[in-house]
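Engineer: Sharing structure.cif, mmCIF, C-alpha atoms, pLDDT in the B column; chains and numbers go by the auth columns:
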data_upload
#
loop_
_atom_site.group_PDB
_atom_site.id
_atom_site.type_symbol
_atom_site.label_atom_id
_atom_site.label_comp_id
_atom_site.label_asym_id
_atom_site.label_seq_id
_atom_site.Cartn_x
_atom_site.Cartn_y
_atom_site.Cartn_z
_atom_site.B_iso_or_equiv
_atom_site.auth_seq_id
_atom_site.auth_asym_id
ATOM 1 C CA MET A 1 0.000 0.000 0.000 49.00 757 A
ATOM 2 C CA LEU A 2 2.776 2.462 0.883 47.00 758 A
ATOM 3 C CA GLU A 3 4.612 1.457 -2.289 52.00 759 A
ATOM 4 C CA ALA A 4 1.490 2.416 -4.227 50.00 760 A
ATOM 5 C CA ILE A 5 1.352 5.757 -2.416 48.00 761 A
ATOM 6 C CA ILE A 6 4.929 6.596 -3.308 46.00 762 A
ATOM 7 C CA ASN A 7 4.527 5.352 -6.888 49.00 763 A
ATOM 8 C CA ASN A 8 1.273 7.279 -7.412 48.00 764 A
ATOM 9 C CA HIS A 9 2.860 10.459 -6.189 47.00 765 A
ATOM 10 C CA THR A 10 5.548 10.376 -8.824 41.00 766 A
ATOM 11 C CA SER A 11 2.877 11.553 -11.256 37.00 767 A
ATOM 12 C CA LEU A 12 1.501 14.106 -8.802 35.00 768 A
ATOM 13 C CA LEU A 13 4.770 15.669 -7.795 35.00 769 A
ATOM 14 C CA SER A 14 4.532 18.602 -5.491 33.00 770 A
ATOM 15 C CA MET A 15 8.008 19.519 -6.651 33.00 771 A
ATOM 16 C CA THR A 16 10.572 17.821 -8.866 34.00 772 A
ATOM 17 C CA ASN A 17 14.307 18.338 -8.787 36.00 773 A
ATOM 18 C CA SER A 18 17.051 16.547 -10.625 37.00 774 A
ATOM 19 C CA ILE A 19 19.987 15.544 -8.491 40.00 775 A
ATOM 20 C CA SER A 20 21.686 12.796 -10.452 50.00 776 A
ATOM 21 C CA CYS A 21 18.261 11.788 -11.804 56.00 777 A
ATOM 22 C CA LEU A 22 16.646 11.600 -8.343 79.00 778 A
ATOM 23 C CA LYS A 23 12.977 12.480 -8.142 88.00 779 A
ATOM 24 C CA THR A 24 12.179 14.689 -5.182 91.00 780 A
ATOM 25 C CA TYR A 25 8.683 15.356 -3.941 92.00 781 A
ATOM 26 C CA VAL A 26 6.574 15.948 -0.854 93.00 782 A
ATOM 27 C CA ILE A 27 3.741 13.555 -0.109 90.00 783 A
ATOM 28 C CA SER A 28 0.330 14.572 1.187 86.00 784 A
ATOM 29 C CA LYS A 29 -0.692 14.845 4.828 84.00 785 A
ATOM 30 C CA LYS A 30 -2.875 11.731 4.540 84.00 786 A
ATOM 31 C CA ASP A 31 -0.051 9.647 3.076 84.00 787 A
ATOM 32 C CA THR A 32 2.382 11.100 5.609 87.00 788 A
ATOM 33 C CA GLU A 33 0.202 9.702 8.397 86.00 789 A
ATOM 34 C CA LYS A 34 0.330 6.214 6.847 86.00 790 A
ATOM 35 C CA ILE A 35 4.111 6.272 6.561 89.00 791 A
ATOM 36 C CA LEU A 36 4.533 7.596 10.112 87.00 792 A
ATOM 37 C CA LYS A 37 2.309 4.769 11.354 87.00 793 A
ATOM 38 C CA THR A 38 4.524 2.215 9.577 88.00 794 A
ATOM 39 C CA ILE A 39 7.630 3.761 11.131 89.00 795 A
ATOM 40 C CA VAL A 40 6.130 3.801 14.623 86.00 796 A
ATOM 41 C CA ASN A 41 5.042 0.155 14.295 85.00 797 A
ATOM 42 C CA GLY A 42 8.381 -1.023 12.891 86.00 798 A
ATOM 43 C CA TRP A 43 10.564 0.977 15.243 87.00 799 A
ATOM 44 C CA GLU A 44 8.487 0.055 18.313 76.00 800 A
ATOM 45 C CA GLU A 45 8.605 3.536 19.791 74.00 801 A
ATOM 46 C CA LYS A 46 12.413 3.488 20.116 78.00 802 A
ATOM 47 C CA ILE A 47 12.457 6.993 18.735 81.00 803 A
ATOM 48 C CA SER A 48 9.984 9.836 19.021 79.00 804 A
ATOM 49 C CA ILE A 49 8.699 10.610 15.549 78.00 805 A
ATOM 50 C CA PRO A 50 8.244 14.344 14.974 75.00 806 A
ATOM 51 C CA LYS A 51 4.740 15.607 14.275 78.00 807 A
ATOM 52 C CA THR A 52 4.829 16.720 10.688 80.00 808 A
ATOM 53 C CA LYS A 53 2.406 17.462 7.889 75.00 809 A
ATOM 54 C CA ASN A 54 4.610 16.345 5.032 83.00 810 A
ATOM 55 C CA ILE A 55 7.470 13.986 4.303 91.00 811 A
ATOM 56 C CA LYS A 56 10.061 14.812 1.671 92.00 812 A
ATOM 57 C CA VAL A 57 10.885 11.842 -0.548 94.00 813 A
ATOM 58 C CA PHE A 58 14.073 11.357 -2.547 94.00 814 A
ATOM 59 C CA GLU A 59 13.385 8.471 -4.901 94.00 815 A
ATOM 60 C CA ILE A 60 16.587 6.503 -5.487 93.00 816 A
ATOM 61 C CA GLU A 61 15.016 3.941 -7.796 90.00 817 A
ATOM 62 C CA GLU A 62 11.568 2.458 -8.237 87.00 818 A
ATOM 63 C CA LYS A 63 10.148 1.570 -4.797 87.00 819 A
ATOM 64 C CA LYS A 64 13.378 2.595 -2.993 93.00 820 A
ATOM 65 C CA SER A 65 13.544 6.036 -1.376 95.00 821 A
ATOM 66 C CA ILE A 66 15.106 8.176 1.306 95.00 822 A
ATOM 67 C CA LEU A 67 12.460 9.790 3.503 94.00 823 A
ATOM 68 C CA VAL A 68 13.135 13.037 5.344 92.00 824 A
ATOM 69 C CA ILE A 69 10.860 13.771 8.286 88.00 825 A
ATOM 70 C CA ASP A 70 12.067 17.051 9.778 85.00 826 A
ATOM 71 C CA SER A 71 15.533 16.066 11.086 82.00 827 A
ATOM 72 C CA LEU A 72 14.835 12.322 10.941 88.00 828 A
ATOM 73 C CA VAL A 73 16.095 10.411 7.890 93.00 829 A
ATOM 74 C CA ALA A 74 14.789 6.951 6.992 94.00 830 A
ATOM 75 C CA VAL A 75 15.217 4.445 4.191 96.00 831 A
ATOM 76 C CA PHE A 76 12.075 3.148 2.472 94.00 832 A
ATOM 77 C CA ILE A 77 12.752 -0.458 1.423 93.00 833 A
ATOM 78 C CA SER A 78 9.197 -1.740 0.992 88.00 834 A
ATOM 79 C CA GLU A 79 5.665 -1.168 2.225 83.00 835 A
ATOM 80 C CA GLU A 80 6.420 -2.935 5.506 88.00 836 A
ATOM 81 C CA ILE A 81 10.085 -2.010 5.934 93.00 837 A
ATOM 82 C CA ILE A 82 11.328 1.483 6.720 95.00 838 A
ATOM 83 C CA LEU A 83 14.783 1.550 8.297 96.00 839 A
ATOM 84 C CA PRO A 84 16.741 4.262 10.090 96.00 840 A
ATOM 85 C CA PHE A 85 19.448 5.847 7.912 96.00 841 A
ATOM 86 C CA LEU A 86 23.009 4.785 8.797 96.00 842 A
ATOM 87 C CA GLY A 87 24.347 8.324 8.946 91.00 843 A
ATOM 88 C CA ARG A 88 22.271 9.229 12.028 91.00 844 A
ATOM 89 C CA THR A 89 24.058 7.641 14.986 93.00 845 A
ATOM 90 C CA GLU A 90 21.759 9.271 17.551 93.00 846 A
ATOM 91 C CA VAL A 91 18.895 7.218 16.086 93.00 847 A
ATOM 92 C CA LEU A 92 20.885 4.013 15.528 95.00 848 A
ATOM 93 C CA GLU A 93 21.933 3.945 19.194 95.00 849 A
ATOM 94 C CA LYS A 94 18.317 3.233 20.154 94.00 850 A
ATOM 95 C CA PHE A 95 18.181 -0.059 18.217 96.00 851 A
ATOM 96 C CA PRO A 96 19.580 -3.445 19.247 97.00 852 A
ATOM 97 C CA SER A 97 22.971 -4.214 17.763 97.00 853 A
ATOM 98 C CA VAL A 98 25.533 -6.878 17.011 98.00 854 A
ATOM 99 C CA ILE A 99 29.265 -6.342 16.932 98.00 855 A
ATOM 100 C CA VAL A 100 31.129 -7.989 14.078 98.00 856 A
ATOM 101 C CA ASP A 101 34.777 -8.888 13.649 97.00 857 A
ATOM 102 C CA SER A 102 37.060 -7.083 11.206 96.00 858 A
ATOM 103 C CA GLY A 103 36.994 -9.987 8.740 96.00 859 A
ATOM 104 C CA SER A 104 33.257 -9.450 8.188 97.00 860 A
ATOM 105 C CA ILE A 105 33.421 -5.737 7.332 97.00 861 A
ATOM 106 C CA LYS A 106 34.297 -6.137 3.647 97.00 862 A
ATOM 107 C CA PHE A 107 31.417 -8.564 3.079 97.00 863 A
ATOM 108 C CA ILE A 108 28.855 -6.545 5.044 98.00 864 A
ATOM 109 C CA CYS A 109 29.770 -3.358 3.144 97.00 865 A
ATOM 110 C CA ASN A 110 29.141 -5.245 -0.090 97.00 866 A
ATOM 111 C CA GLY A 111 25.623 -6.243 1.002 97.00 867 A
ATOM 112 C CA ALA A 112 26.166 -9.760 2.369 98.00 868 A
ATOM 113 C CA LYS A 113 23.894 -11.109 5.080 98.00 869 A
ATOM 114 C CA ILE A 114 25.513 -11.125 8.496 98.00 870 A
ATOM 115 C CA LEU A 115 26.587 -14.629 9.436 98.00 871 A
ATOM 116 C CA ARG A 116 26.973 -16.118 12.908 98.00 872 A
ATOM 117 C CA PRO A 117 30.749 -16.748 12.741 97.00 873 A
ATOM 118 C CA GLY A 118 31.402 -13.022 12.169 97.00 874 A
ATOM 119 C CA ILE A 119 29.408 -11.855 15.197 98.00 875 A
ATOM 120 C CA VAL A 120 31.462 -11.389 18.370 97.00 876 A
ATOM 121 C CA GLU A 121 28.779 -9.786 20.570 97.00 877 A
ATOM 122 C CA PHE A 122 24.978 -9.758 20.617 97.00 878 A
ATOM 123 C CA GLY A 123 22.466 -7.221 21.849 96.00 879 A
ATOM 124 C CA GLN A 124 18.951 -8.339 22.784 97.00 880 A
ATOM 125 C CA PHE A 125 16.554 -8.728 19.816 97.00 881 A
ATOM 126 C CA LYS A 126 13.741 -10.859 18.449 96.00 882 A
ATOM 127 C CA LYS A 127 13.272 -12.334 15.000 96.00 883 A
ATOM 128 C CA ASN A 128 12.265 -9.640 12.453 95.00 884 A
ATOM 129 C CA ASP A 129 13.464 -6.763 14.689 95.00 885 A
ATOM 130 C CA ILE A 130 15.527 -3.993 13.133 96.00 886 A
ATOM 131 C CA VAL A 131 19.155 -4.604 14.158 97.00 887 A
ATOM 132 C CA VAL A 132 22.271 -2.529 13.486 98.00 888 A
ATOM 133 C CA ALA A 133 25.759 -3.964 12.982 98.00 889 A
ATOM 134 C CA LYS A 134 28.868 -2.263 14.374 98.00 890 A
ATOM 135 C CA GLU A 135 32.509 -3.118 13.861 97.00 891 A
ATOM 136 C CA GLU A 136 34.401 -4.155 16.975 96.00 892 A
ATOM 137 C CA LYS A 137 37.502 -1.933 16.903 95.00 893 A
ATOM 138 C CA TYR A 138 35.938 1.560 16.701 95.00 894 A
ATOM 139 C CA GLY A 139 32.222 0.829 17.134 96.00 895 A
ATOM 140 C CA LYS A 140 31.316 2.382 13.758 97.00 896 A
ATOM 141 C CA TYR A 141 27.916 1.496 12.303 98.00 897 A
ATOM 142 C CA LEU A 142 28.158 -0.663 9.178 98.00 898 A
ATOM 143 C CA SER A 143 24.640 -1.795 8.374 98.00 899 A
ATOM 144 C CA VAL A 144 20.976 -1.975 9.303 98.00 900 A
ATOM 145 C CA GLY A 145 18.849 -5.035 8.669 98.00 901 A
ATOM 146 C CA LEU A 146 16.221 -7.414 9.956 97.00 902 A
ATOM 147 C CA ALA A 147 16.972 -10.237 12.374 98.00 903 A
ATOM 148 C CA LEU A 148 16.501 -13.678 10.846 98.00 904 A
ATOM 149 C CA GLU A 149 16.821 -15.298 14.297 96.00 905 A
ATOM 150 C CA ASP A 150 16.255 -14.030 17.819 96.00 906 A
ATOM 151 C CA SER A 151 19.441 -13.220 19.739 97.00 907 A
ATOM 152 C CA ILE A 152 19.013 -16.019 22.292 97.00 908 A
ATOM 153 C CA ASN A 153 18.883 -18.699 19.580 97.00 909 A
ATOM 154 C CA ALA A 154 21.543 -17.006 17.452 97.00 910 A
ATOM 155 C CA LYS A 155 24.091 -17.067 20.287 96.00 911 A
ATOM 156 C CA GLU A 156 23.798 -20.858 20.433 96.00 912 A
ATOM 157 C CA LEU A 157 24.390 -21.330 16.689 96.00 913 A
ATOM 158 C CA GLN A 158 27.826 -22.013 15.233 96.00 914 A
ATOM 159 C CA LYS A 159 26.912 -20.994 11.672 96.00 915 A
ATOM 160 C CA GLY A 160 24.058 -19.542 9.638 97.00 916 A
ATOM 161 C CA GLN A 161 22.542 -16.238 8.595 98.00 917 A
ATOM 162 C CA ILE A 162 21.551 -14.010 11.500 98.00 918 A
ATOM 163 C CA ILE A 163 20.728 -10.595 9.948 98.00 919 A
ATOM 164 C CA ASN A 164 19.365 -9.745 6.524 98.00 920 A
ATOM 165 C CA ASN A 165 21.536 -6.764 5.563 98.00 921 A
ATOM 166 C CA LEU A 166 19.218 -4.196 3.895 97.00 922 A
ATOM 167 C CA HIS A 167 21.131 -0.885 4.219 98.00 923 A
ATOM 168 C CA TYR A 168 24.914 -0.633 4.520 98.00 924 A
ATOM 169 C CA VAL A 169 27.817 1.784 4.173 97.00 925 A
ATOM 170 C CA GLY A 170 28.435 2.370 0.472 95.00 926 A
ATOM 171 C CA ASP A 171 25.011 1.236 -0.786 96.00 927 A
ATOM 172 C CA LYS A 172 22.780 3.276 -3.103 96.00 928 A
ATOM 173 C CA PHE A 173 21.056 5.037 -0.167 96.00 929 A
ATOM 174 C CA TRP A 174 24.381 5.960 1.444 96.00 930 A
ATOM 175 C CA ASN A 175 25.790 7.354 -1.803 94.00 931 A
ATOM 176 C CA ALA A 176 22.588 9.191 -2.754 94.00 932 A
ATOM 177 C CA PHE A 177 22.434 10.816 0.683 93.00 933 A
ATOM 178 C CA LYS A 178 25.890 12.313 0.125 89.00 934 A
ATOM 179 C CA GLU A 179 24.466 14.066 -2.932 88.00 935 A
ATOM 180 C CA ILE A 180 21.241 15.278 -1.290 87.00 936 A
ATOM 181 C CA SER A 181 22.425 16.059 2.248 81.00 937 A
ATOM 182 C CA PHE A 182 22.896 19.746 1.460 73.00 938 A
ATOM 183 C CA ARG A 183 19.173 19.987 0.612 71.00 939 A
ATOM 184 C CA ILE A 184 17.915 18.609 3.921 65.00 940 A
#
Starting from the coordinates I provided, produce the structure as structure tokens.

Structural biologist:
Amino acid sequence: MLEAIINNHTSLLSMTNSISCLKTYVISKKDTEKILKTIVNGWEEKISIPKTKNIKVFEIEEKKSILVIDSLVAVFISEEIILPFLGRTEVLEKFPSVIVDSGSIKFICNGAKILRPGIVEFGQFKKNDIVVAKEEKYGKYLSVGLALEDSINAKELQKGQIINNLHYVGDKFWNAFKEISFRI
């Protein structure tokens, strides 16, 4: 449903700008409420969502967008999945995390799922929760994804996929944000 909202609004653009072929528009108050509801449900009140009338959308590709809600930045993956943007550490700190070893960094930053052998420390999370991955030496955020297992079960595993990596350093959202950050 939210995908349809964003797709329908491409023809009803409130404003259109071309930043490396990105479509930019503001969605209606009604559609803003639907997206805010999805964020609140998915983020389980970890963050206070600002009251706003409109959300600015930077469409990266079809059905993939960066959403700007006042000072909050989110990544629209699908109708059910809206993730916090990696560049906002004050938001990421509120989500459960895993710490990964240095050998995993290259793979994670190329979009690989996060595997059990690369995880050195677990936060507390349930299956399908939004989880952030940090590297162990400096604590830098590398990716945001959805848990494929709950943390209690994952700790007991020796191998297997633990987090579906959906947004990571160097991905299309990360690179597009560098181009649009001066407009936010």

Engineer: Distance atom CA of Ile936 of chain A-atom CA of Ile822 of chain A, one decimal place?

Structural biologist: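 Computed distance, atom CA of Ile936 of chain A to atom CA of Ile822 of chain A, equals 9.7 Å.
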
Engineer: Could you tell me which of A:Gly926, A:Gly901, A:Pro852, A:Gly879 comes closest to Lys802 of chain A if we count all atoms listed in the file?

Structural biologist: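 The shortest atom-to-atom distance to Lys802 of chain A comes from A:Pro852.
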
Engineer: Smallest atom-to-atom distance to Lys934 of chain A: which of A:Ala903, A:Phe841, A:Thr794, A:Lys786, using all atoms listed in the file?

Structural biologist: A:Phe841

Engineer: Taking all atoms listed in the file into account, which of A:Lys883, A:Glu836, A:Gly895, A:Tyr924 comes nearest Lys862 of chain A?

Structural biologist: A:Tyr924

Engineer: Take the PyMOL selection byres ((chain A and resi 833) around 8), apply it to the structure above, and return the hits as a list in words.

Structural biologist: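 Output of the PyMOL selection byres ((chain A and resi 833) around 8): Lys819, Lys820, Ser821, Val831, Phe832, Ser834, Glu835, Glu836, Ile837, Ile838, Leu839 and Leu922 of chain A.
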
Engineer: Around (18.0, -6.8, 7.8), as given in the file, which residues come within 10 Å? Count all atoms listed in the file and list them as a PyMOL selection string.

Structural biologist: chain A and resi 837+839+869-870+884-889+899-904+918-924

Engineer: Give as a list of chain:residue names the set of residues within 6 Å of the point (29.1, -4.8, 13.3), where distances use the file's coordinates and all atoms listed in the file.

Structural biologist: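 So the residues meeting the distance criterion are A:Val854, A:Ile855, A:Val856, A:Ala889, A:Lys890, A:Glu891, A:Leu898.
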
Engineer: How would the residues just picked look written out with C-alpha atoms as a CSV table (one decimal), in the frame of the given file?

Structural biologist:
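Below is the file selection38.csv, written as the result:
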chain,number,residue,atom,x,y,z
A,854,VAL,CA,25.5,-6.9,17.0
A,855,ILE,CA,29.3,-6.3,16.9
A,856,VAL,CA,31.1,-8.0,14.1
A,889,ALA,CA,25.8,-4.0,13.0
A,890,LYS,CA,28.9,-2.3,14.4
A,891,GLU,CA,32.5,-3.1,13.9
A,898,LEU,CA,28.2,-0.7,9.2

Engineer: For a test of reading the model, state the distance in Å between atom CA of Ile783 of chain A and atom CA of Asn810 of chain A, rounded to one decimal.

Structural biologist: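 Calculated distance between atom CA of Ile783 of chain A and atom CA of Asn810 of chain A is 5.9 Å.
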
Engineer: So what does the PyMOL selection byres ((chain A and resi 812-814) around 6) actually pick up in this one, as a PDB file with C-alpha atoms, in the frame of the given file?

Structural biologist:
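Result went into selection-v2.pdb, see below:
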ATOM      1  CA  LYS A 779      12.977  12.480  -8.142  1.00 88.00           C
ATOM      2  CA  THR A 780      12.179  14.689  -5.182  1.00 91.00           C
ATOM      3  CA  TYR A 781       8.683  15.356  -3.941  1.00 92.00           C
ATOM      4  CA  VAL A 782       6.574  15.948  -0.854  1.00 93.00           C
ATOM      5  CA  ILE A 811       7.470  13.986   4.303  1.00 91.00           C
ATOM      6  CA  GLU A 815      13.385   8.471  -4.901  1.00 94.00           C
ATOM      7  CA  SER A 821      13.544   6.036  -1.376  1.00 95.00           C
ATOM      8  CA  ILE A 822      15.106   8.176   1.306  1.00 95.00           C
ATOM      9  CA  LEU A 823      12.460   9.790   3.503  1.00 94.00           C
ATOM     10  CA  VAL A 824      13.135  13.037   5.344  1.00 92.00           C
TER      11      VAL A 824
END

Engineer: Mind giving me the straight-line distance from atom CA of Ser907 of chain A to atom CA of Asn866 of chain A in Å, one decimal?

Structural biologist: 23.5 Å

Engineer: Taking the file as shown, what set of residues would the PyMOL selection byres ((chain A and resi 872) around 8) give back, as a PyMOL selection string?

Structural biologist: chain A and resi 870-871+873-875+910-911+913-918

Engineer: Pick the closest to Ile816 of chain A from A:Lys882, A:Arg939, A:Arg844, A:Lys928: which is it, counting only C-alpha atoms?

Structural biologist: A:Lys928

Engineer: Which one of A:Asp826, A:Trp930, A:Pro840, A:Thr808 sits closest to Ile795 of chain A if you count all atoms listed in the file?

Structural biologist: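 The answer is A:Pro840, which sits nearest to Ile795 of chain A.
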
Engineer: With distances taken over all atoms listed in the file, which residue among A:Phe938, A:Asp857, A:Ile864, A:Val847 lies nearest Trp799 of chain A?

Structural biologist: A:Val847
